[in-house]
>>> print(open('run-v3.txt').read())   # compact mmCIF, C-alpha atoms
# COMPACT_ATOMS: atom_id res chain seq x y z
CA MET A 1 0.00 0.00 0.00
CA SER A 2 2.81 2.40 0.83
CA HIS A 3 4.37 1.93 -2.57
CA LEU A 4 1.08 2.56 -4.28
CA ARG A 5 0.66 5.84 -2.37
CA TYR A 6 4.04 7.11 -3.55
CA VAL A 7 3.20 6.22 -7.16
CA VAL A 8 -0.06 8.20 -6.98
CA ILE A 9 1.69 11.24 -5.49
CA GLY A 10 4.38 11.12 -8.18
CA LEU A 11 1.84 10.93 -10.98
CA THR A 12 -0.08 13.84 -9.46
CA LEU A 13 3.02 16.06 -9.32
CA ILE A 14 3.91 15.20 -12.89
CA LEU A 15 0.43 15.99 -14.20
CA CYS A 16 0.07 19.21 -12.20
CA ALA A 17 3.57 20.55 -12.88
CA PRO A 18 2.57 22.46 -16.08
CA PHE A 19 -0.31 24.19 -14.31
CA VAL A 20 1.89 25.13 -11.36
CA ALA A 21 4.52 26.52 -13.75
CA HIS A 22 1.87 28.54 -15.59
CA ALA A 23 0.62 30.00 -12.35
CA GLU A 24 4.08 31.22 -11.45
CA LEU A 25 4.99 32.94 -14.80
CA ILE A 26 5.01 36.74 -14.73
CA ASN A 27 3.78 38.62 -17.80
CA ILE A 28 6.35 41.33 -18.29
CA ASN A 29 3.88 43.32 -20.41
CA THR A 30 1.25 43.61 -17.69
CA ALA A 31 2.97 42.88 -14.33
CA ASP A 32 3.22 45.75 -11.87
CA ALA A 33 6.40 46.81 -10.09
CA ALA A 34 5.73 44.54 -7.07
CA ALA A 35 5.38 41.41 -9.24
CA LEU A 36 8.48 42.24 -11.28
CA ASP A 37 10.45 42.82 -8.07
CA THR A 38 9.96 39.14 -7.15
CA LEU A 39 12.06 38.03 -10.10
CA PRO A 40 15.66 37.10 -9.27
CA GLY A 41 18.06 39.95 -10.00
CA ILE A 42 15.20 42.44 -10.54
CA GLY A 43 14.93 44.97 -7.79
CA PRO A 44 12.67 48.04 -7.48
CA SER A 45 14.84 50.17 -9.83
CA LYS A 46 14.91 47.58 -12.61
CA ALA A 47 11.19 46.89 -12.18
CA ALA A 48 10.54 50.62 -12.70
CA ALA A 49 12.85 50.57 -15.73
CA ILE A 50 10.87 47.71 -17.26
CA ILE A 51 7.59 49.59 -16.82
CA ASP A 52 9.07 52.81 -18.30
CA TYR A 53 10.43 50.96 -21.30
CA ARG A 54 7.17 49.24 -22.25
CA THR A 55 5.29 52.53 -21.71
CA GLN A 56 7.57 54.45 -24.06
CA GLN A 57 8.46 51.73 -26.59
CA GLY A 58 5.37 49.57 -26.50
CA PRO A 59 4.86 46.03 -25.17
CA PHE A 60 7.58 43.39 -25.46
CA ALA A 61 7.23 41.20 -28.53
CA VAL A 62 9.19 38.28 -27.04
CA ILE A 63 10.65 37.69 -23.60
CA ALA A 64 14.17 38.18 -24.93
CA ASP A 65 13.31 41.84 -25.62
CA ILE A 66 13.57 42.51 -21.89
CA GLN A 67 17.31 42.68 -22.45
CA ASN A 68 16.70 46.03 -24.19
CA VAL A 69 15.96 47.52 -20.78
CA SER A 70 18.92 49.30 -19.28
CA GLY A 71 20.55 47.19 -16.54
CA ILE A 72 19.22 43.83 -17.72
CA GLY A 73 21.84 41.80 -19.56
CA PRO A 74 22.21 38.19 -20.72
CA ALA A 75 23.09 36.91 -17.23
CA THR A 76 19.96 38.37 -15.64
CA PHE A 77 17.82 37.18 -18.54
CA ALA A 78 19.18 33.61 -18.13
CA ASN A 79 17.99 33.66 -14.50
CA ILE A 80 14.45 34.93 -15.27
CA GLN A 81 13.64 33.57 -18.71
CA SER A 82 11.89 30.51 -17.23
CA LEU A 83 9.80 32.75 -14.94
CA ILE A 84 8.50 35.38 -17.36
CA THR A 85 6.20 35.44 -20.33
CA VAL A 86 4.43 37.80 -22.76
CA SER A 87 0.82 37.68 -23.98
CA GLY A 88 -0.08 34.30 -25.51
CA SER A 89 3.07 32.35 -24.46
CA THR A 90 3.09 28.67 -23.43
CA GLN A 91 5.42 26.60 -21.30
CA SER A 92 7.23 23.33 -21.96
CA THR A 93 9.30 21.31 -19.50
CA THR A 94 12.31 19.11 -19.93
CA GLY A 95 13.10 17.09 -16.84
CA ASN A 96 13.15 19.47 -13.90
CA THR A 97 13.86 22.55 -16.09
CA THR A 98 10.88 24.68 -17.11
CA ALA A 99 11.30 26.91 -20.17
CA ALA A 100 9.01 29.51 -21.72
CA VAL A 101 8.21 28.75 -25.36
CA THR A 102 6.53 31.52 -27.36
CA THR A 103 4.52 30.45 -30.36
CA THR A 104 4.72 32.25 -33.66
CA SER A 105 1.07 33.29 -33.58
CA SER A 106 1.41 34.79 -30.12
CA THR A 107 4.53 36.67 -31.15
CA HIS A 108 2.80 38.36 -34.08
CA THR A 109 -0.29 39.08 -32.07
CA ALA A 110 1.62 40.84 -29.33
CA SER A 111 4.06 42.71 -31.53
CA PRO A 112 3.25 46.35 -32.18
CA VAL A 113 2.65 47.53 -35.72
CA THR A 114 5.67 49.41 -36.99
CA VAL A 115 6.28 51.38 -40.17
CA SER A 116 8.64 48.74 -41.51
CA GLU A 117 5.94 46.06 -41.24
CA THR A 118 3.17 48.05 -43.00
CA ALA A 119 2.57 47.76 -46.72
CA THR A 120 4.09 50.67 -48.64
CA ALA A 121 3.41 51.86 -52.18
CA PRO A 122 6.05 50.94 -54.72
CA PRO A 123 8.47 53.74 -55.59
CA VAL A 124 7.48 55.95 -58.49
CA THR A 125 9.43 55.08 -61.59
CA PRO A 126 10.67 58.14 -63.52
CA GLN A 127 8.88 58.60 -66.81
CA ALA A 128 9.64 60.47 -70.00
CA ARG A 129 7.86 63.78 -70.39
CA ILE A 130 6.97 66.22 -73.17
CA VAL A 131 6.65 69.99 -72.71
CA ALA A 132 4.54 71.86 -75.27
CA GLY A 133 3.24 74.87 -73.35
CA THR A 134 -0.10 75.76 -71.83
CA ASP A 135 -3.48 77.04 -73.03
CA ARG A 136 -3.23 79.79 -75.63
CA THR A 137 -5.12 81.91 -78.18
CA SER A 138 -4.81 81.74 -81.95
CA ILE A 139 -6.22 83.97 -84.68
CA VAL A 140 -8.52 82.39 -87.24
CA GLY A 141 -6.67 82.05 -90.53
CA ALA A 142 -3.25 82.73 -89.02
CA ASP A 143 -0.50 80.12 -88.84
CA ALA A 144 0.74 79.54 -85.30
CA LEU A 145 3.91 77.68 -84.37
CA TYR A 146 3.60 74.70 -81.99
CA THR A 147 6.84 73.47 -80.44
CA ALA A 148 7.53 70.53 -78.09
CA GLU A 149 10.56 69.50 -76.02
CA VAL A 150 11.00 65.86 -74.98
CA TYR A 151 12.94 64.56 -71.95
CA ASP A 152 13.70 60.93 -71.08
CA ALA A 153 13.27 59.31 -67.66
CA GLY A 154 16.72 60.55 -66.65
CA GLY A 155 15.79 64.17 -67.38
CA ILE A 156 17.96 64.39 -70.49
CA ARG A 157 16.48 66.27 -73.43
CA ARG A 158 16.00 64.01 -76.44
CA THR A 159 15.93 65.43 -79.95
CA ASP A 160 15.51 62.01 -81.55
CA ALA A 161 11.98 61.47 -80.22
CA ALA A 162 9.09 61.07 -82.65
CA VAL A 163 6.50 63.78 -81.89
CA THR A 164 2.96 63.73 -83.28
CA TRP A 165 0.25 66.37 -82.94
CA SER A 166 -3.53 66.21 -82.98
CA PHE A 167 -5.01 69.72 -83.31
CA GLY A 168 -8.61 68.82 -82.53
CA ASP A 169 -10.02 70.10 -85.82
CA GLY A 170 -9.46 66.94 -87.83
CA THR A 171 -5.86 67.73 -88.71
CA SER A 172 -2.58 66.36 -87.41
CA GLY A 173 1.13 66.97 -87.75
CA THR A 174 4.50 65.42 -87.04
CA GLY A 175 7.73 66.93 -85.77
CA ALA A 176 8.96 68.82 -82.74
CA SER A 177 7.93 72.13 -84.36
CA VAL A 178 4.78 72.41 -86.48
CA ALA A 179 2.85 75.40 -87.93
CA HIS A 180 -0.93 75.16 -87.93
CA ALA A 181 -3.87 77.47 -88.69
CA TYR A 182 -7.50 77.18 -87.63
CA PHE A 183 -10.18 78.25 -90.10
CA ALA A 184 -13.16 78.47 -87.75
CA GLN A 185 -13.69 80.11 -84.39
CA GLY A 186 -13.83 77.78 -81.36
CA ASP A 187 -11.92 76.03 -78.56
CA TYR A 188 -9.77 73.08 -79.64
CA ALA A 189 -8.01 70.41 -77.53
CA VAL A 190 -4.46 69.87 -78.78
CA VAL A 191 -2.61 66.65 -77.86
CA ALA A 192 1.13 66.18 -78.34
CA GLU A 193 2.69 62.71 -78.01
CA ALA A 194 6.31 61.59 -78.04
CA VAL A 195 7.85 58.14 -78.44
CA LEU A 196 11.54 57.61 -77.67
CA LYS A 197 13.74 55.00 -79.32
CA ASN A 198 14.09 53.14 -76.02
CA GLY A 199 10.30 52.69 -75.93
CA GLU A 200 9.51 55.42 -73.43
CA HIS A 201 6.30 57.33 -74.10
CA ALA A 202 4.99 60.74 -73.01
CA SER A 203 2.01 62.94 -73.84
CA THR A 204 0.55 66.33 -72.92
CA SER A 205 -2.46 68.43 -73.88
CA PHE A 206 -3.70 72.02 -73.81
CA VAL A 207 -6.52 74.17 -75.22
CA VAL A 208 -6.30 76.60 -78.14
CA SER A 209 -9.00 79.27 -78.48
CA ALA A 210 -9.33 80.34 -82.13
CA ILE A 211 -10.74 83.87 -82.34
CA PRO A 212 -11.18 86.49 -85.09
CA VAL A 213 -8.42 89.04 -85.49
CA MET A 214 -9.10 91.88 -83.04
CA VAL A 215 -5.93 93.92 -83.21
CA ARG A 216 -5.35 97.35 -84.69
CA ILE A 217 -2.41 99.62 -85.38
CA ASP A 218 -2.87 102.75 -83.30
CA ALA A 219 0.20 104.74 -84.30
CA VAL A 220 3.21 104.71 -86.60
CA SER A 221 5.96 107.15 -85.70
CA SER A 222 9.70 107.47 -85.37
CA ALA A 223 9.33 105.92 -81.91
CA GLY A 224 7.89 102.69 -83.29
CA ILE A 225 4.64 100.93 -84.18
CA THR A 226 1.91 100.80 -81.51
CA ILE A 227 -0.54 97.88 -81.60
CA HIS A 228 -3.66 97.36 -79.47
CA ASN A 229 -5.27 93.99 -78.68
CA SER A 230 -9.02 94.60 -78.36
CA ASP A 231 -9.75 91.05 -77.24
CA THR A 232 -9.63 89.83 -73.64
CA HIS A 233 -7.52 86.77 -74.58
CA THR A 234 -3.76 86.73 -74.74
CA LEU A 235 -2.62 86.82 -78.36
CA ASP A 236 0.33 84.77 -79.60
CA LEU A 237 2.24 86.89 -82.12
CA SER A 238 4.97 84.33 -82.83
CA GLY A 239 6.14 84.62 -86.40
CA TRP A 240 3.88 87.58 -87.28
CA GLN A 241 5.38 90.31 -89.46
CA LEU A 242 5.51 94.11 -89.26
CA VAL A 243 6.01 96.04 -92.50
CA SER A 244 6.81 99.75 -92.66
CA GLY A 245 8.77 101.95 -95.03
CA GLY A 246 9.39 99.05 -97.39
CA GLN A 247 11.06 96.94 -94.67
CA LEU A 248 9.91 93.81 -92.81
CA PHE A 249 10.39 92.69 -89.21
CA THR A 250 9.47 89.15 -88.02
CA ILE A 251 8.18 89.00 -84.45
CA PRO A 252 10.13 86.40 -82.41
CA ALA A 253 8.61 83.14 -81.19
CA ASN A 254 6.70 83.08 -77.89
CA THR A 255 5.84 86.78 -78.14
CA ARG A 256 2.46 87.08 -76.44
CA MET A 257 0.25 90.16 -76.16
CA LEU A 258 -2.05 90.47 -73.15
CA GLY A 259 -5.76 91.01 -73.63
CA ASP A 260 -7.05 94.59 -73.88
CA LYS A 261 -3.49 95.95 -73.81
CA THR A 262 -1.33 98.15 -76.02
CA ILE A 263 2.33 97.50 -76.84
CA THR A 264 4.87 99.37 -78.94
CA PHE A 265 7.49 97.70 -81.10
CA ALA A 266 10.24 100.30 -80.82
CA SER A 267 12.09 101.31 -83.95
CA GLN A 268 15.36 100.56 -82.11
CA VAL A 269 14.24 96.94 -81.94
CA THR A 270 12.58 96.49 -85.32
CA GLY A 271 14.84 98.75 -87.36
CA LEU A 272 11.80 99.77 -89.43
CA LEU A 273 11.75 103.15 -91.08
CA PRO A 274 8.88 105.49 -90.11
CA ALA A 275 6.13 105.79 -92.67
CA ALA A 276 2.60 107.09 -92.96
CA SER A 277 1.20 103.63 -92.25
CA ALA A 278 2.25 100.07 -91.47
CA GLU A 279 0.99 96.50 -91.89
CA LEU A 280 0.70 93.61 -89.46
CA ARG A 281 0.85 90.30 -91.32
CA PHE A 282 0.20 86.70 -90.37
CA PRO A 283 3.21 84.35 -90.37
CA SER A 284 2.11 83.21 -93.81
CA GLY A 285 2.60 86.77 -95.11
CA VAL A 286 -1.13 87.49 -95.51
CA ARG A 287 -2.05 90.95 -94.28
CA ALA A 288 -4.01 90.98 -91.03
CA VAL A 289 -4.47 94.71 -90.44
CA SER A 290 -3.01 97.99 -91.64
CA GLY A 291 -3.05 101.44 -90.18
CA PRO A 292 -3.29 103.68 -88.44
CA ILE A 293 -6.75 104.75 -89.59
CA ALA A 294 -7.05 108.33 -88.37
CA PRO A 295 -10.44 109.46 -86.99
CA VAL A 296 -12.47 111.82 -89.27
CA SER A 297 -11.93 114.73 -86.88
CA THR A 298 -8.15 114.44 -87.24
CA GLN A 299 -7.96 113.88 -90.99
CA THR A 300 -6.49 116.61 -93.12
CA MET A 301 -9.38 118.09 -95.08
CA LYS A 302 -8.54 119.00 -98.69
CA PRO A 303 -9.85 122.43 -99.77
CA SER A 304 -12.82 122.17 -102.09
CA PRO A 305 -12.74 123.98 -105.47
CA ALA A 306 -13.94 127.58 -105.35
CA ALA A 307 -17.61 127.90 -106.19
CA PRO A 308 -18.34 129.92 -109.35
CA ALA A 309 -19.63 133.49 -108.82
CA LEU A 310 -23.38 133.74 -108.86
CA SER A 311 -23.26 137.04 -110.81
CA LYS A 312 -20.69 138.72 -112.95
CA VAL A 313 -19.11 141.82 -111.53
CA GLN A 314 -20.15 144.63 -113.75
CA THR A 315 -17.91 147.55 -114.74
CA VAL A 316 -19.27 150.80 -113.41
CA GLU A 317 -19.01 153.56 -115.96
CA THR A 318 -21.57 156.38 -116.03
CA ILE A 319 -24.57 154.47 -114.63
CA PRO A 320 -26.80 157.16 -113.05
CA SER A 321 -27.64 156.58 -109.43
CA ALA A 322 -31.15 156.29 -108.19
CA VAL A 323 -32.02 159.40 -106.27
CA THR A 324 -34.57 159.67 -103.53
CA SER A 325 -35.91 163.02 -102.51
CA THR A 326 -36.02 163.90 -98.85
CA SER A 327 -36.95 166.95 -96.88
CA HIS A 328 -33.27 167.70 -96.49
CA GLY A 329 -32.43 167.58 -100.13
CA THR A 330 -31.50 164.84 -102.52
CA GLU A 331 -29.65 161.68 -101.48
CA ALA A 332 -28.16 159.07 -103.74
CA VAL A 333 -29.17 155.47 -102.96
CA VAL A 334 -26.52 153.04 -104.11
CA ALA A 335 -26.49 149.26 -103.70
CA PRO A 336 -23.62 148.04 -101.45
CA ALA A 337 -21.91 146.16 -104.26
CA ALA A 338 -22.23 149.00 -106.69
CA LYS A 339 -21.12 151.45 -104.05
CA ALA A 340 -18.05 149.39 -103.37
CA SER A 341 -17.30 149.24 -107.09
CA LEU A 342 -17.74 152.90 -107.45
CA ALA A 343 -15.52 153.65 -104.52
CA ALA A 344 -12.90 151.36 -105.99
CA ALA A 345 -13.11 153.26 -109.25
CA GLY A 346 -12.72 156.56 -107.43
CA ALA A 347 -16.34 157.69 -107.94
CA ALA A 348 -18.02 159.56 -105.08
CA VAL A 349 -21.80 159.75 -105.38
CA GLU A 350 -23.48 162.76 -103.71
CA THR A 351 -25.72 165.06 -105.85
CA ALA A 352 -25.20 166.22 -109.38
CA SER A 353 -25.33 169.88 -108.38
CA THR A 354 -23.11 169.91 -105.36
CA THR A 355 -20.35 167.41 -106.06
CA PRO A 356 -17.89 167.98 -108.92
CA SER A 357 -17.02 165.01 -111.02
CA ALA A 358 -13.61 163.52 -110.67
CA PRO A 359 -11.17 164.30 -113.44
CA GLY A 360 -11.71 162.15 -116.45
CA THR A 361 -15.16 160.99 -115.38
CA GLN A 362 -17.22 163.69 -117.31
CA LYS A 363 -17.00 165.15 -120.87
CA SER A 364 -15.36 168.60 -121.47
CA PHE A 365 -17.61 171.52 -122.47
CA LEU A 366 -15.61 172.03 -125.65
CA THR A 367 -16.01 168.45 -126.72
CA SER A 368 -19.77 168.38 -126.27
CA PRO A 369 -21.86 168.64 -129.52
CA TRP A 370 -24.35 170.84 -127.75
CA SER A 371 -21.63 173.30 -126.80
CA TRP A 372 -20.46 173.49 -130.41
CA GLY A 373 -23.97 174.19 -131.60
CA LEU A 374 -24.53 176.90 -129.04
CA THR A 375 -21.20 178.50 -129.90
CA SER A 376 -22.10 178.55 -133.58
CA VAL A 377 -25.41 180.25 -132.89
CA LEU A 378 -23.74 182.91 -130.75
CA LEU A 379 -21.09 183.60 -133.37
CA MET A 380 -23.68 183.93 -136.13
CA SER A 381 -25.72 186.32 -133.99
CA ALA A 382 -22.66 188.43 -133.25
CA GLY A 383 -21.80 188.62 -136.93
CA ALA A 384 -25.30 189.75 -137.90
CA PHE A 385 -25.21 192.40 -135.22
CA ILE A 386 -21.96 193.77 -136.57
CA PHE A 387 -23.19 193.95 -140.17
CA LEU A 388 -26.35 195.69 -139.08
>>> encode(input="run-v3.txt", output="structure tokens")
Amino acid sequence: MSHLRYVVIGLTLILCAPFVAHAELININTADAAALDTLPGIGPSKAAAIIDYRTQQGPFAVIADIQNVSGIGPATFANIQSLITVSGSTQSTTGNTTAAVTTTSSTHTASPVTVSETATAPPVTPQARIVAGTDRTSIVGADALYTAEVYDAGGIRRTDAAVTWSFGDGTSGTGASVAHAYFAQGDYAVVAEAVLKNGEHASTSFVVSAIPVMVRIDAVSSAGITIHNSDTHTLDLSGWQLVSGGQLFTIPANTRMLGDKTITFASQVTGLLPAASAELRFPSGVRAVSGPIAPVSTQTMKPSPAAPALSKVQTVETIPSAVTSTSHGTEAVVAPAAKASLAAAGAAVETASTTPSAPGTQKSFLTSPWSWGLTSVLLMSAGAFIFL
């Protein structure tokens, strides 16, 4: 019977040993300072250090991480590793030695999520790119120059890329620099694509607003040619031409004129000779506008031919004046024109009895026929008187 009792006690200790070991393990992630202080080699200061570490760094992933706490090295860990655990750990025994075995699932469950363990987006691979400008305005009927620059994934400009254009109006073009004209007003989406020899591809797009020509030449002087943009859109004048004094100036590429603004192309820049007027031409050479057109109020008015006289000026000779009798005597009434003519001829009109005639304006007594007749009668009477 005594032997049987010892066998039963031995079996009971063996079967209960795992549960006893589990009851004695201290969870270093949740134990307070008093529980940690019971571990061999862990005093109050190290217990406080363990709590500070897990508060600042997060819970321990495995029991071996306790060695990251200041003051706990491999020797101390060897003494306590069979007495501590973390969340989800199990125990296994070999002979009289009890060891803490942490399963893989428990390790991952207890470990904090770190940046290195989260899924990250793949790095962005450099791509080729094409630069062709931004939205712009074009004049209906005017050729505009469209230019693109192509860069490979390394940022090196490539001049061997194949560039194609789609202008949105049913037309297309090829080449890094292409001239194109729109023939109807509207907004068009332009797409430029580039393909490099190494297979890299790039594309870009922008909007072109085709509008009627709304520019005018305000002034042409020795200072230069002044142009006004009456539209609110920015006008691209690349390749346009100014003509003045028989000379031509081509406006450089990427010259843009702001909406509702006036600019002057100085003669020092264009080298154009001043003239009465100038022309602004499209890049194709077709005239867009000419001017300036001076307002009516400032135009030089040419004198009109003199109107013919309504009446012929008559020569005043011995035309008798009309005389009106008054209570004060006789007064000559002469029309203003006739009076002026008479005065110009030296004739003064008063009365026939009071005003002597100017020399040469009346006949002499001796030259009058009546005087000769009267003289003859007197002589004949005198002769008869003598003979009697």
>>> closest_residue(input="run-v3.txt", among="A:Thr174, A:Ser45, A:Thr262, A:Thr250", to="Val215 of chain A", atoms="only C-alpha atoms")
A:Thr262
>>> closest_residue(input="run-v3.txt", among="A:Thr164, A:Ser238, A:Ser177, A:Thr171", to="Ser203 of chain A", atoms="all atoms listed in the file")
A:Thr164
>>> atom_distance(input="run-v3.txt", atom1="atom CA of Met257 of chain A", atom2="atom CA of Glu149 of chain A")
23.1 Å
>>> atom_distance(input="run-v3.txt", atom1="atom CA of Ala162 of chain A", atom2="atom CA of Leu145 of chain A")
17.5 Å
>>> closest_residue(input="run-v3.txt", among="A:Leu83, A:Val150, A:Leu235, A:Ala266", to="Thr137 of chain A", atoms="all atoms listed in the file")
A:Leu235
>>> atom_distance(input="run-v3.txt", atom1="atom CA of Asn68 of chain A", atom2="atom CA of Glu24 of chain A")
23.3 Å
>>> closest_residue(input="run-v3.txt", among="A:Val195, A:Phe282, A:Gly239, A:Ser221", to="Tyr146 of chain A", atoms="only C-alpha atoms")
A:Gly239
>>> residues_near_point(input="run-v3.txt", point="(-7.2, 83.2, -75.0)", cutoff="6 Å", atoms="only C-alpha atoms", output="JSON list (two decimals) with C-alpha atoms, in the coordinates of the input")
[["chain", "number", "residue", "atom", "x", "y", "z"],
["A", 136, "ARG", "CA", -3.23, 79.79, -75.63],
["A", 137, "THR", "CA", -5.12, 81.91, -78.18],
["A", 209, "SER", "CA", -9.00, 79.27, -78.48],
["A", 233, "HIS", "CA", -7.52, 86.77, -74.58],
["A", 234, "THR", "CA", -3.76, 86.73, -74.74]]
>>> closest_residue(input="run-v3.txt", among="A:Ala142, A:Ile225, A:Ile80, A:Ala181", to="Leu237 of chain A", atoms="only C-alpha atoms")
A:Ala142
>>> closest_residue(input="run-v3.txt", among="A:Ile251, A:Gln56, A:Val220, A:Ser172", to="Pro292 of chain A", atoms="all atoms listed in the file")
A:Val220
>>> residues_around(input="run-v3.txt", residues="Asn79 of chain A", least_positions_apart="5", cutoff="10 Å", atoms="all atoms listed in the file", output="list of chain:residue names")
A:Leu39, A:Pro40, A:Gly41, A:Pro74
>>> write_last_selection(input="run-v3.txt", atoms="C-alpha atoms", output="PDB file, in the frame of the given file")
ATOM      1  CA  LEU A  39      12.060  38.030 -10.100  1.00  0.00           C
ATOM      2  CA  PRO A  40      15.660  37.100  -9.270  1.00  0.00           C
ATOM      3  CA  GLY A  41      18.060  39.950 -10.000  1.00  0.00           C
ATOM      4  CA  PRO A  74      22.210  38.190 -20.720  1.00  0.00           C
TER       5      PRO A  74
END
>>> decode(input="run-v3.txt", residues="segment 183-190 of chain A", atoms="all heavy atoms", output="mmCIF file, in the first residue's frame")
data_model
loop_
_atom_site.group_PDB
_atom_site.id
_atom_site.type_symbol
_atom_site.label_atom_id
_atom_site.label_comp_id
_atom_site.auth_asym_id
_atom_site.auth_seq_id
_atom_site.Cartn_x
_atom_site.Cartn_y
_atom_site.Cartn_z
ATOM 1 N N PHE A 183 -9.367 77.511 -89.135
ATOM 2 C CA PHE A 183 -10.182 78.253 -90.099
ATOM 3 C C PHE A 183 -11.589 78.517 -89.598
ATOM 4 O O PHE A 183 -12.419 79.034 -90.350
ATOM 5 C CB PHE A 183 -10.229 77.486 -91.426
ATOM 6 C CG PHE A 183 -8.871 77.336 -92.055
ATOM 7 C CD1 PHE A 183 -8.153 76.164 -91.920
ATOM 8 C CD2 PHE A 183 -8.299 78.380 -92.759
ATOM 9 C CE1 PHE A 183 -6.899 76.027 -92.485
ATOM 10 C CE2 PHE A 183 -7.033 78.254 -93.323
ATOM 11 C CZ PHE A 183 -6.340 77.078 -93.187
ATOM 12 N N ALA A 184 -11.855 78.192 -88.345
ATOM 13 C CA ALA A 184 -13.159 78.473 -87.753
ATOM 14 C C ALA A 184 -12.965 78.808 -86.283
ATOM 15 O O ALA A 184 -12.076 78.272 -85.618
ATOM 16 C CB ALA A 184 -14.104 77.278 -87.906
ATOM 17 N N GLN A 185 -13.792 79.704 -85.794
ATOM 18 C CA GLN A 185 -13.694 80.112 -84.393
ATOM 19 C C GLN A 185 -14.142 78.975 -83.475
ATOM 20 O O GLN A 185 -15.062 78.231 -83.780
ATOM 21 C CB GLN A 185 -14.577 81.338 -84.160
ATOM 22 C CG GLN A 185 -14.501 81.924 -82.762
ATOM 23 C CD GLN A 185 -15.316 83.195 -82.626
ATOM 24 O OE1 GLN A 185 -15.839 83.719 -83.613
ATOM 25 N NE2 GLN A 185 -15.441 83.702 -81.407
ATOM 26 N N GLY A 186 -13.475 78.819 -82.324
ATOM 27 C CA GLY A 186 -13.834 77.776 -81.364
ATOM 28 C C GLY A 186 -12.683 77.443 -80.441
ATOM 29 O O GLY A 186 -11.584 77.991 -80.561
ATOM 30 N N ASP A 187 -12.934 76.515 -79.499
ATOM 31 C CA ASP A 187 -11.925 76.027 -78.558
ATOM 32 C C ASP A 187 -11.543 74.607 -78.956
ATOM 33 O O ASP A 187 -12.414 73.736 -79.074
ATOM 34 C CB ASP A 187 -12.453 76.053 -77.122
ATOM 35 C CG ASP A 187 -12.720 77.470 -76.639
ATOM 36 O OD1 ASP A 187 -12.002 78.380 -77.092
ATOM 37 O OD2 ASP A 187 -13.635 77.667 -75.824
ATOM 38 N N TYR A 188 -10.259 74.360 -79.135
ATOM 39 C CA TYR A 188 -9.769 73.081 -79.637
ATOM 40 C C TYR A 188 -8.780 72.462 -78.643
ATOM 41 O O TYR A 188 -7.911 73.172 -78.111
ATOM 42 C CB TYR A 188 -9.093 73.253 -80.997
ATOM 43 C CG TYR A 188 -9.986 73.824 -82.064
ATOM 44 C CD1 TYR A 188 -10.103 75.204 -82.237
ATOM 45 C CD2 TYR A 188 -10.738 72.988 -82.890
ATOM 46 C CE1 TYR A 188 -10.932 75.738 -83.209
ATOM 47 C CE2 TYR A 188 -11.569 73.509 -83.872
ATOM 48 C CZ TYR A 188 -11.668 74.888 -84.035
ATOM 49 O OH TYR A 188 -12.490 75.414 -84.986
ATOM 50 N N ALA A 189 -8.925 71.144 -78.403
ATOM 51 C CA ALA A 189 -8.011 70.407 -77.534
ATOM 52 C C ALA A 189 -6.857 69.866 -78.374
ATOM 53 O O ALA A 189 -7.068 69.088 -79.307
ATOM 54 C CB ALA A 189 -8.735 69.263 -76.837
ATOM 55 N N VAL A 190 -5.651 70.289 -78.044
ATOM 56 C CA VAL A 190 -4.455 69.866 -78.775
ATOM 57 C C VAL A 190 -3.716 68.834 -77.932
ATOM 58 O O VAL A 190 -3.483 69.047 -76.734
ATOM 59 C CB VAL A 190 -3.547 71.068 -79.076
ATOM 60 C CG1 VAL A 190 -2.292 70.619 -79.809
ATOM 61 C CG2 VAL A 190 -4.297 72.107 -79.896
#
